[in-house]
Every structure is written in C-alpha cells, then in structure tokens.
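Colleague: Dropping in run_20.tsv, which is TSV, C-alpha atoms:
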chain	number	residue	atom	x	y	z
A	1	MET	CA	-17.76	6.86	14.73
A	2	ASP	CA	-15.95	9.83	16.29
A	3	ARG	CA	-12.76	11.36	14.95
A	4	ARG	CA	-10.51	9.62	17.48
A	5	THR	CA	-11.91	6.20	16.58
A	6	PHE	CA	-11.64	7.02	12.86
A	7	LEU	CA	-7.94	7.87	13.13
A	8	LYS	CA	-7.20	4.97	15.47
A	9	ARG	CA	-8.71	2.43	13.07
A	10	ALA	CA	-6.80	3.99	10.22
A	11	ALA	CA	-3.53	3.53	12.11
A	12	GLN	CA	-4.37	-0.11	12.85
A	13	VAL	CA	-4.19	-1.03	9.20
A	14	GLY	CA	-1.08	0.93	8.34
A	15	VAL	CA	-2.85	4.18	7.57
A	16	GLY	CA	-0.86	7.30	8.27
A	17	ALA	CA	-2.82	10.28	9.55
A	18	LEU	CA	-1.95	13.70	8.20
A	19	VAL	CA	-3.86	16.71	9.49
A	20	VAL	CA	-4.60	19.13	6.67
A	21	GLY	CA	-6.03	22.50	7.63
A	22	THR	CA	-9.22	22.07	9.62
A	23	GLY	CA	-9.86	18.52	8.42
A	24	ALA	CA	-8.17	15.18	8.75
A	25	GLY	CA	-6.55	13.78	5.62
A	26	ILE	CA	-5.96	10.03	5.76
A	27	ALA	CA	-4.18	7.67	3.39
A	28	ALA	CA	-3.22	4.01	3.26
A	29	GLU	CA	0.51	3.31	2.99
A	30	VAL	CA	-0.01	1.78	-0.44
A	31	LEU	CA	-0.92	5.27	-1.64
A	32	VAL	CA	1.82	7.36	-0.02
A	33	ASP	CA	5.11	5.72	-0.99
A	34	ARG	CA	5.86	8.08	-3.88
A	35	ALA	CA	5.89	11.39	-2.00
A	36	ARG	CA	4.62	12.92	1.18
A	37	ARG	CA	2.22	15.15	-0.70
A	38	PRO	CA	1.77	13.81	-4.23
A	39	TRP	CA	-0.56	16.61	-5.34
A	40	ASP	CA	-0.39	20.28	-6.26
A	41	THR	CA	-1.44	22.07	-3.08
A	42	SER	CA	-2.29	25.24	-5.01
A	43	PHE	CA	-4.81	23.38	-7.14
A	44	PHE	CA	-6.83	21.70	-4.40
A	45	PRO	CA	-8.40	23.92	-1.71
A	46	LEU	CA	-8.50	22.78	1.89
A	47	PRO	CA	-11.62	20.72	2.64
A	48	GLY	CA	-14.44	22.52	4.39
A	49	ARG	CA	-17.44	21.21	6.24
A	50	PRO	CA	-19.68	19.76	3.52
A	51	ARG	CA	-23.21	18.52	3.86
A	52	VAL	CA	-24.17	15.00	2.85
A	53	ALA	CA	-27.84	13.99	2.71
A	54	VAL	CA	-29.03	10.44	3.32
A	55	VAL	CA	-32.57	10.02	2.05
A	56	LYS	CA	-34.90	7.05	2.34
A	57	ALA	CA	-36.11	5.68	-0.99
A	58	THR	CA	-37.33	2.12	-0.83
A	59	SER	CA	-38.61	1.80	-4.40
A	60	TYR	CA	-37.75	2.99	-7.90
A	61	ASP	CA	-41.46	3.66	-8.32
A	62	ALA	CA	-41.37	6.37	-5.65
A	63	ALA	CA	-41.60	10.08	-6.48
A	64	LEU	CA	-37.95	10.12	-7.48
A	65	GLU	CA	-37.91	13.56	-9.10
A	66	ARG	CA	-39.08	15.17	-5.86
A	67	ILE	CA	-36.70	13.07	-3.76
A	68	VAL	CA	-33.71	13.93	-5.97
A	69	LEU	CA	-34.66	17.61	-6.06
A	70	ASP	CA	-34.93	17.78	-2.27
A	71	GLY	CA	-31.69	15.83	-1.85
A	72	PHE	CA	-29.66	18.20	-4.00
A	73	ARG	CA	-31.24	21.24	-2.39
A	74	ALA	CA	-30.24	19.81	0.99
A	75	VAL	CA	-26.56	19.80	0.02
A	76	GLY	CA	-26.64	23.25	-1.59
A	77	ALA	CA	-26.34	22.19	-5.22
A	78	ASP	CA	-25.95	25.19	-7.53
A	79	VAL	CA	-26.51	24.39	-11.20
A	80	ALA	CA	-28.46	27.46	-12.34
A	81	GLY	CA	-27.45	28.46	-15.86
A	82	LYS	CA	-24.79	25.74	-16.02
A	83	ARG	CA	-23.99	22.88	-18.38
A	84	VAL	CA	-24.49	19.69	-16.39
A	85	VAL	CA	-23.17	16.23	-17.26
A	86	LEU	CA	-24.61	13.26	-15.37
A	87	LYS	CA	-22.12	10.39	-15.15
A	88	PRO	CA	-23.99	7.21	-14.13
A	89	ASN	CA	-22.45	3.79	-13.51
A	90	PHE	CA	-23.00	1.33	-16.38
A	91	VAL	CA	-20.97	-1.82	-16.73
A	92	GLU	CA	-23.05	-4.68	-18.09
A	93	TYR	CA	-26.75	-5.52	-18.12
A	94	ASP	CA	-28.29	-8.46	-16.31
A	95	PRO	CA	-32.03	-8.19	-15.56
A	96	GLY	CA	-31.64	-10.18	-12.34
A	97	ALA	CA	-28.72	-8.17	-10.98
A	98	ALA	CA	-28.19	-4.66	-9.59
A	99	ILE	CA	-25.15	-3.66	-11.62
A	100	ASN	CA	-26.03	-0.24	-13.01
A	101	THR	CA	-27.41	3.05	-11.76
A	102	ASP	CA	-31.13	2.62	-12.28
A	103	PRO	CA	-32.40	4.50	-15.38
A	104	ARG	CA	-35.33	5.85	-13.36
A	105	VAL	CA	-32.94	7.60	-10.99
A	106	ILE	CA	-31.05	9.05	-13.95
A	107	ALA	CA	-34.22	10.33	-15.64
A	108	ALA	CA	-35.41	11.82	-12.35
A	109	THR	CA	-32.06	13.58	-11.96
A	110	VAL	CA	-32.33	15.07	-15.45
A	111	LEU	CA	-35.68	16.58	-14.51
A	112	ALA	CA	-34.43	17.73	-11.11
A	113	MET	CA	-31.41	19.48	-12.66
A	114	ARG	CA	-33.70	21.35	-15.03
A	115	ARG	CA	-35.93	22.42	-12.15
A	116	LEU	CA	-32.81	23.70	-10.39
A	117	GLY	CA	-32.15	25.89	-13.44
A	118	ALA	CA	-29.50	23.96	-15.39
A	119	ALA	CA	-28.97	25.40	-18.86
A	120	GLU	CA	-28.49	21.93	-20.36
A	121	VAL	CA	-28.27	18.38	-19.05
A	122	THR	CA	-26.40	15.57	-20.78
A	123	VAL	CA	-25.95	11.96	-19.68
A	124	ALA	CA	-22.54	10.47	-20.44
A	125	GLU	CA	-20.84	7.16	-19.71
A	126	GLY	CA	-17.93	5.04	-20.95
A	127	PRO	CA	-18.46	1.48	-19.68
A	128	GLY	CA	-15.26	-0.34	-18.91
A	129	HIS	CA	-16.46	-3.92	-19.33
A	130	ARG	CA	-18.44	-3.99	-22.57
A	131	ARG	CA	-17.07	-2.26	-25.65
A	132	ASP	CA	-20.54	-1.91	-27.16
A	133	THR	CA	-21.89	0.99	-25.11
A	134	GLN	CA	-25.02	1.17	-27.24
A	135	PHE	CA	-25.92	-2.40	-26.27
A	136	ALA	CA	-25.44	-1.74	-22.56
A	137	VAL	CA	-27.51	1.43	-22.43
A	138	GLN	CA	-30.23	0.12	-24.73
A	139	THR	CA	-30.80	-3.26	-23.09
A	140	SER	CA	-30.79	-1.66	-19.65
A	141	GLY	CA	-33.61	0.70	-20.58
A	142	LEU	CA	-31.49	3.82	-20.20
A	143	LEU	CA	-31.97	5.07	-23.77
A	144	GLU	CA	-35.73	4.72	-23.45
A	145	SER	CA	-35.70	6.63	-20.16
A	146	LEU	CA	-33.59	9.40	-21.68
A	147	HIS	CA	-35.93	9.60	-24.65
A	148	ASP	CA	-38.83	10.10	-22.24
A	149	VAL	CA	-37.12	13.14	-20.69
A	150	ASP	CA	-35.55	14.35	-23.97
A	151	ALA	CA	-31.96	14.09	-22.74
A	152	PRO	CA	-28.94	13.38	-24.97
A	153	PHE	CA	-26.43	10.61	-24.32
A	154	VAL	CA	-22.67	10.76	-25.00
A	155	ASP	CA	-20.47	7.65	-25.25
A	156	LEU	CA	-17.33	8.65	-23.36
A	157	ASN	CA	-15.39	5.74	-24.84
A	158	THR	CA	-15.58	7.26	-28.32
A	159	ALA	CA	-16.16	10.99	-27.72
A	160	ALA	CA	-13.73	13.74	-28.73
A	161	LEU	CA	-10.81	13.99	-26.30
A	162	VAL	CA	-8.65	16.62	-24.62
A	163	ALA	CA	-5.26	15.98	-22.95
A	164	ARG	CA	-5.12	17.16	-19.34
A	165	ARG	CA	-2.05	17.28	-17.10
A	166	LEU	CA	-2.69	15.64	-13.73
A	167	HIS	CA	-2.41	17.76	-10.60
A	168	SER	CA	-1.91	14.68	-8.44
A	169	SER	CA	0.67	11.93	-8.84
A	170	PHE	CA	-0.43	8.83	-6.96
A	171	THR	CA	0.26	7.06	-10.26
A	172	ASP	CA	2.97	7.76	-12.84
A	173	LEU	CA	0.44	8.57	-15.58
A	174	GLY	CA	1.27	12.29	-15.66
A	175	GLU	CA	-1.69	13.18	-17.85
A	176	LEU	CA	-5.05	11.82	-18.93
A	177	TRP	CA	-7.00	11.99	-22.14
A	178	LEU	CA	-10.48	13.04	-21.02
A	179	PRO	CA	-13.64	13.46	-23.09
A	180	GLN	CA	-14.36	17.02	-24.14
A	181	ALA	CA	-17.88	16.65	-22.73
A	182	ILE	CA	-16.41	16.14	-19.24
A	183	VAL	CA	-13.75	18.84	-19.52
A	184	GLU	CA	-16.18	21.48	-20.79
A	185	ALA	CA	-18.98	20.71	-18.34
A	186	ASP	CA	-19.65	23.30	-15.66
A	187	VAL	CA	-20.94	20.59	-13.33
A	188	VAL	CA	-20.16	16.86	-13.40
A	189	VAL	CA	-22.50	14.70	-11.31
A	190	SER	CA	-21.11	11.29	-10.33
A	191	MET	CA	-23.98	8.80	-10.02
A	192	PRO	CA	-22.62	5.43	-8.89
A	193	LYS	CA	-24.44	2.31	-7.80
A	194	MET	CA	-23.78	1.46	-4.16
A	195	LYS	CA	-21.67	-1.68	-4.62
A	196	THR	CA	-18.81	-3.73	-3.32
A	197	HIS	CA	-15.90	-4.26	-5.69
A	198	HIS	CA	-13.66	-7.28	-6.11
A	199	TRP	CA	-10.51	-5.20	-6.55
A	200	ALA	CA	-11.15	-1.98	-4.61
A	201	GLY	CA	-13.46	-3.10	-1.79
A	202	VAL	CA	-16.21	-0.62	-2.64
A	203	THR	CA	-17.15	1.32	-5.75
A	204	LEU	CA	-18.78	4.70	-5.18
A	205	SER	CA	-18.53	8.23	-6.59
A	206	LEU	CA	-14.71	8.30	-6.76
A	207	LYS	CA	-14.37	4.93	-8.50
A	208	ASN	CA	-17.25	5.87	-10.81
A	209	CYS	CA	-14.95	8.42	-12.47
A	210	PHE	CA	-13.18	5.53	-14.23
A	211	GLY	CA	-16.00	5.68	-16.76
A	212	CYS	CA	-14.82	9.15	-17.80
A	213	VAL	CA	-11.57	7.67	-19.13
A	214	PRO	CA	-11.98	6.44	-22.72
A	215	GLY	CA	-11.60	2.74	-23.40
A	216	ARG	CA	-10.29	3.41	-26.91
A	217	VAL	CA	-7.19	4.91	-25.28
A	218	TYR	CA	-6.92	3.03	-21.99
A	219	GLY	CA	-8.33	-0.35	-22.98
A	220	TRP	CA	-11.00	-2.63	-21.50
A	221	PRO	CA	-11.57	-2.82	-18.60
A	222	LYS	CA	-9.47	0.38	-18.57
A	223	ASN	CA	-6.40	-1.85	-18.30
A	224	VAL	CA	-3.87	0.99	-18.20
A	225	LEU	CA	-5.45	2.24	-14.97
A	226	HIS	CA	-5.27	-1.19	-13.40
A	227	TRP	CA	-1.62	-1.58	-14.38
A	228	ALA	CA	-0.90	1.80	-12.77
A	229	GLY	CA	-2.52	0.56	-9.53
A	230	ILE	CA	-6.27	0.54	-9.14
A	231	ASN	CA	-6.45	2.45	-5.85
A	232	GLU	CA	-3.86	4.99	-6.99
A	233	SER	CA	-5.70	5.41	-10.29
A	234	ILE	CA	-9.02	5.96	-8.55
A	235	VAL	CA	-7.45	8.88	-6.69
A	236	ASP	CA	-5.75	10.44	-9.72
A	237	VAL	CA	-8.71	10.02	-12.07
A	238	SER	CA	-11.26	11.36	-9.58
A	239	ALA	CA	-8.95	14.30	-8.85
A	240	ALA	CA	-8.80	15.05	-12.59
A	241	VAL	CA	-12.55	14.79	-13.08
A	242	HIS	CA	-13.37	16.26	-9.65
A	243	PRO	CA	-17.13	15.63	-9.76
A	244	HIS	CA	-18.96	18.63	-8.32
A	245	LEU	CA	-22.05	16.71	-7.16
A	246	GLN	CA	-22.79	13.11	-6.28
A	247	ILE	CA	-25.82	10.88	-5.94
A	248	VAL	CA	-25.31	7.27	-4.87
A	249	ASP	CA	-28.04	4.84	-5.91
A	250	GLY	CA	-28.50	2.60	-2.91
A	251	ILE	CA	-32.19	1.88	-3.38
A	252	VAL	CA	-30.97	-1.54	-4.45
A	253	GLY	CA	-27.20	-1.95	-4.26
A	254	MET	CA	-24.88	-4.88	-4.79
A	255	GLN	CA	-22.91	-6.89	-2.23
A	256	GLY	CA	-20.34	-9.66	-2.40
A	257	ASN	CA	-18.46	-10.21	-5.65
A	258	GLY	CA	-19.26	-6.84	-7.22
A	259	PRO	CA	-19.26	-4.89	-9.41
A	260	ILE	CA	-20.90	-7.45	-11.74
A	261	GLN	CA	-21.32	-10.85	-10.12
A	262	GLY	CA	-22.55	-9.82	-6.66
A	263	THR	CA	-26.07	-10.17	-5.32
A	264	PRO	CA	-28.66	-7.38	-4.94
A	265	MET	CA	-28.78	-5.62	-1.58
A	266	PRO	CA	-31.84	-3.43	-0.94
A	267	ALA	CA	-30.44	-0.61	1.18
A	268	GLY	CA	-33.41	1.68	0.45
A	269	LEU	CA	-31.28	4.84	0.36
A	270	LEU	CA	-30.05	7.62	-1.87
A	271	VAL	CA	-26.96	9.59	-0.80
A	272	PHE	CA	-26.40	13.17	-2.01
A	273	GLY	CA	-23.31	15.33	-1.70
A	274	ALA	CA	-21.19	18.15	-3.09
A	275	ASP	CA	-17.86	16.66	-1.98
A	276	PRO	CA	-16.94	13.26	-3.47
A	277	VAL	CA	-14.83	12.20	-0.50
A	278	ALA	CA	-17.46	13.14	2.09
A	279	THR	CA	-20.14	11.41	0.03
A	280	ASP	CA	-18.08	8.22	-0.26
A	281	VAL	CA	-17.16	8.30	3.44
A	282	THR	CA	-20.87	8.42	4.26
A	283	ALA	CA	-21.87	5.80	1.70
A	284	ALA	CA	-19.11	3.43	2.85
A	285	ARG	CA	-20.30	3.75	6.45
A	286	LEU	CA	-23.86	3.02	5.29
A	287	MET	CA	-22.51	-0.20	3.76
A	288	GLY	CA	-20.82	-1.23	6.99
A	289	PHE	CA	-17.32	-0.30	5.78
A	290	ASP	CA	-14.80	1.77	7.70
A	291	PRO	CA	-13.77	4.46	5.18
A	292	ALA	CA	-10.37	4.84	6.82
A	293	ARG	CA	-9.63	1.26	5.72
A	294	VAL	CA	-10.67	1.77	2.08
A	295	PRO	CA	-7.43	2.88	0.36
A	296	SER	CA	-8.99	4.92	-2.45
A	297	ILE	CA	-11.25	6.88	-0.09
A	298	ALA	CA	-8.47	7.33	2.45
A	299	GLY	CA	-6.04	8.50	-0.22
A	300	ALA	CA	-8.48	11.02	-1.68
A	301	ALA	CA	-9.25	12.26	1.84
A	302	ARG	CA	-5.71	13.64	2.06
A	303	PHE	CA	-6.48	16.46	-0.39
A	304	LEU	CA	-9.60	16.05	-2.54
A	305	GLY	CA	-12.35	16.40	0.06
A	306	GLN	CA	-13.41	15.95	3.64
A	307	GLY	CA	-12.64	12.53	5.08
A	308	ASP	CA	-13.35	13.16	8.75
A	309	PRO	CA	-16.88	12.00	9.65
A	310	GLU	CA	-17.02	14.55	12.48
A	311	ARG	CA	-16.51	17.37	9.98
A	312	ILE	CA	-19.27	16.22	7.63
A	313	ASP	CA	-22.68	17.71	8.34
A	314	GLN	CA	-25.07	14.79	7.91
A	315	VAL	CA	-28.65	15.67	7.06
A	316	GLY	CA	-31.62	13.39	6.54
A	317	GLU	CA	-31.43	9.87	7.90
A	318	ASP	CA	-29.02	8.95	10.68
A	319	VAL	CA	-26.02	7.10	9.21
A	320	GLU	CA	-25.50	4.55	11.97
A	321	ARG	CA	-29.18	3.69	12.27
A	322	SER	CA	-29.54	3.41	8.49
A	323	ALA	CA	-26.44	1.30	7.89
A	324	VAL	CA	-26.87	-2.05	6.12
A	325	ASP	CA	-24.20	-4.74	6.40
A	326	PHE	CA	-23.02	-5.33	2.82
A	327	ALA	CA	-21.24	-8.67	2.47
A	328	ALA	CA	-17.62	-8.34	1.38
A	329	LEU	CA	-15.22	-10.81	-0.19
A	330	PRO	CA	-12.86	-12.46	2.33
A	331	GLN	CA	-9.88	-10.30	1.34
A	332	PHE	CA	-11.83	-7.16	2.25
A	333	GLN	CA	-13.25	-8.25	5.60
A	334	GLY	CA	-10.62	-6.10	7.30
A	335	MET	CA	-12.26	-3.02	5.78
A	336	LYS	CA	-15.51	-3.60	7.64
A	337	VAL	CA	-16.49	-1.56	10.69
A	338	GLY	CA	-15.38	-3.37	13.84
A	339	ALA	CA	-12.91	-5.65	12.06
A	340	SER	CA	-9.62	-6.33	13.77
A	341	GLY	CA	-6.36	-5.90	11.94
A	342	GLY	CA	-5.91	-4.81	8.36
A	343	GLY	CA	-7.87	-5.78	5.29
A	344	GLY	CA	-6.29	-7.33	2.26
A	345	VAL	CA	-5.77	-4.79	-0.50
A	346	ASP	CA	-4.83	-5.83	-3.99
A	347	ALA	CA	-3.70	-2.67	-5.75
A	348	GLY	CA	-2.02	-4.49	-8.59
A	349	PRO	CA	-3.15	-5.13	-12.15
A	350	ALA	CA	-6.32	-7.08	-12.75
What is this file in structure tokens?
Modeller:
Amino acid sequence: MDRRTFLKRAAQVGVGALVVGTGAGIAAEVLVDRARRPWDTSFFPLPGRPRVAVVKATSYDAALERIVLDGFRAVGADVAGKRVVLKPNFVEYDPGAAINTDPRVIAATVLAMRRLGAAEVTVAEGPGHRRDTQFAVQTSGLLESLHDVDAPFVDLNTAALVARRLHSSFTDLGELWLPQAIVEADVVVSMPKMKTHHWAGVTLSLKNCFGCVPGRVYGWPKNVLHWAGINESIVDVSAAVHPHLQIVDGIVGMQGNGPIQGTPMPAGLLVFGADPVATDVTAARLMGFDPARVPSIAGAARFLGQGDPERIDQVGEDVERSAVDFAALPQFQGMKVGASGGGGVDAGPA
C-alpha cells in the first residue's frame, strides 16, 4: 500500500489527514472532535523513519531466544545498562485458545534482553478481565517459565502507584495513576498477542498498554477507560506509557471475537519495532487490516509515531506476501484492506 492509497482510504471512512513534519499523521473523526491537536507538541518529537522487523516463527518450540535477539537487533534496540520491563498481554487462560502472549516468547525475551546488556529485566502485567492475576499467570505457565529464567513478576493491578499528568487529551481523564514499575523503567517493552478485538477492531502494542493501568483504581475490565471512550483511551494511555520497544506474538494469533472468545490463527510471525505506531501499522497490515481505518492506530499516528507505511523501513519478511486474512466481526469489516466504505466503530462504554 503506497502513501497515496493509505491517505485515500483514510479519507473514505471519515479520516482526516494531517501532515506532521516528514510523516503523515492520520486520525479518525471520532478521535479529533475535542481539538485540532489534542497533545503537547513539545512533549512528542516528530516521527522519524523507524525500522520494523517481520520474522518468520512457525512454532513456539523454535530457537526463540535467537529469533528474538536478532529481531531486536534488526530494529536497533538499545537496552545496555538499562532497567527493562516486559509488558505481555494476559487476559484469561484457556488451554484451547490463543488469548495470551505465549510464556515461551516472554522467557526468550528475558534472555535476549540480558544478552543485549540490560541491567535488570522484570515482567509485569495487570490483566483487565480476571482480578486474580496470580491465577492467570500460574495456570498459563508464565510463572513456571519466569522461574526457569529467574525473572521477577510484578502485578500491575496492585503495585505501588504514581500520578502522572497526561500530555495528550483525546479523553478527559487529565491524569493517570501508573504503576511505579512502569514509570521508573528505562525501557518498557509492549508484548501483545496478535488479535482482533470486539470493541477496538484489533489489539496490538498500543492497546496492550491498558494492562499498565491498575484495576484497583480503574476497575475491571478497566471500566473507567471504556467509559472515557475505548479508542480515545488507547491513544492517551499508550502516549502516557510510550513503550520504547514492541514484539507482537503472531506465531499463533486470534481472529474473530477476540480478545478472549476468538479462534486461533497461526500467522507464523513475530513483529519487532521501536515505534509503537509503526509496529501496529505493520502488524495490522499483516492481519489484513487497513491501519488508516483502525481509529486507535490512526489517532496515535497523528503524534505518537510513524503511521505512513512508506516511511517505515520494513526488514525481514515482506509484509504483503506474509499477510494472513484474520476474520473480523461484521461491524469491523470496513477496517479490512480492500473494503468499501467505512467500518463500524463503537467507541462507547462496554
């Protein structure tokens, strides 16, 4: 998809194009009604030309540590001497589903971060669906995997908190209480599962930041964020967390009625990046979605990262040749590549 096609499709579904610096910032109308530029321009630098790596990985029994190490090297990850927090995607555990970031990918990433020189590596998550985080991470096998690589786990739903003023205002939240572990990390790595989502269309590295917001303050399933507008909240929360690195687990993703009740989709891919917008643009395209039609990605592309596919340096596998057609719910068919007209977007409370 070239830049002209990207912008044209955005306009077809009521997406206003706004050129920002050398990149193209794009946002759905549902995200721009509060102000022309609802973010602090001094806080967010203009997007550059990031690299995103698409790597084949057809099995969780592959040499994942080497694959993850090579993937992060390909996007220029710099973690030497830094405190790294890995933020996977854990919601609920079902042995027959593909809901969560696979523990083997997480353990491999712990080892890869250490090989890249990280001073310390912590895994942290605050599931939004189940209040008992210990149950979710234990039954899924995550705690066992972390024990094998001697990595600590922090429950972000109950961890110590710090109030942070928001530098974007797509919602009216104004500030967020964020876990101290996230605020004090030198590097936050967003590690989502490649999934469709029954309220947002897709759930990738931007949406994955919801798990950084504590349930004990914002409810389950982070109800306050839903009441504020799910797409708007995705933008504001991801801007507050601003994950430095991303790895999308698409070895086996989820399609249909995600993020819990969908069916497994073996995409056989891992996606690596150092720009959450560019990573999600690439991952959405790999799923058969047009990122200009996904409101949360399009909104974040206005200021948080690079949203123009022509200004993303793709390395590894070719995106178009590697794309897998993830099934979407009927209301999101308009978000798919090649769809005519706009897709239904429910940005209201769940």
Colleague: Ranking A:Gly71, A:Gly307, A:Gly174, A:Gly201 by minimum distance to Ala278 (chain A) and counting all atoms listed in the file, which one comes first?
Modeller: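 Of A:Gly71, A:Gly307, A:Gly174, A:Gly201, the one nearest Ala278 (chain A) is A:Gly307, counting all atoms listed in the file.
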Colleague: Could you give me, as a count of residues only, the residues that have an atom at most 9 Å away from the point (-29.6, 19.6, -21.4) in the coordinates of the file, using all atoms listed in the file?
Modeller: 15
Colleague: Smallest atom-to-atom distance to Ala77 (chain A): which of A:Val187, A:Val202, A:Val224, A:Val271, using only C-alpha atoms?
Modeller: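 Among the listed residues, A:Val187 lies closest to Ala77 (chain A).
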Colleague: Could you please determine the separation between CA of Ser233 (chain A) and CA of Gly288 (chain A) in Å, to one decimal place?
Modeller: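 These two atoms are separated by 23.9 Å.
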Colleague: For CA of Leu116 (chain A) and CA of Ala80 (chain A), quote the distance in Å rounded to one decimal.
Modeller: 6.1 Å
Colleague: Out of A:Ile312, A:Leu146, A:Leu329, A:Leu245, which residue has the shortest atom-to-atom distance to Ala200 (chain A) when counting only C-alpha atoms?
Modeller: A:Leu329
Colleague: Which neighbours of Arg164 (chain A) fall inside 8 Å, counting only C-alpha atoms, when residues of the same chain fewer than 5 positions from it are skipped, and could you give them as a list in words?
Modeller: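 Once the adjacent positions are removed, what remains is Glu175, Leu176, Trp177, Leu178 and Ala240 of chain A.
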Colleague: Expressed in Å to a single decimal, how great is the separation between CA of Gly117 (chain A) and CA of Gly76 (chain A)?
Modeller: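 So the two atoms, CA of Gly117 (chain A) and CA of Gly76 (chain A), lie 13.3 Å apart.
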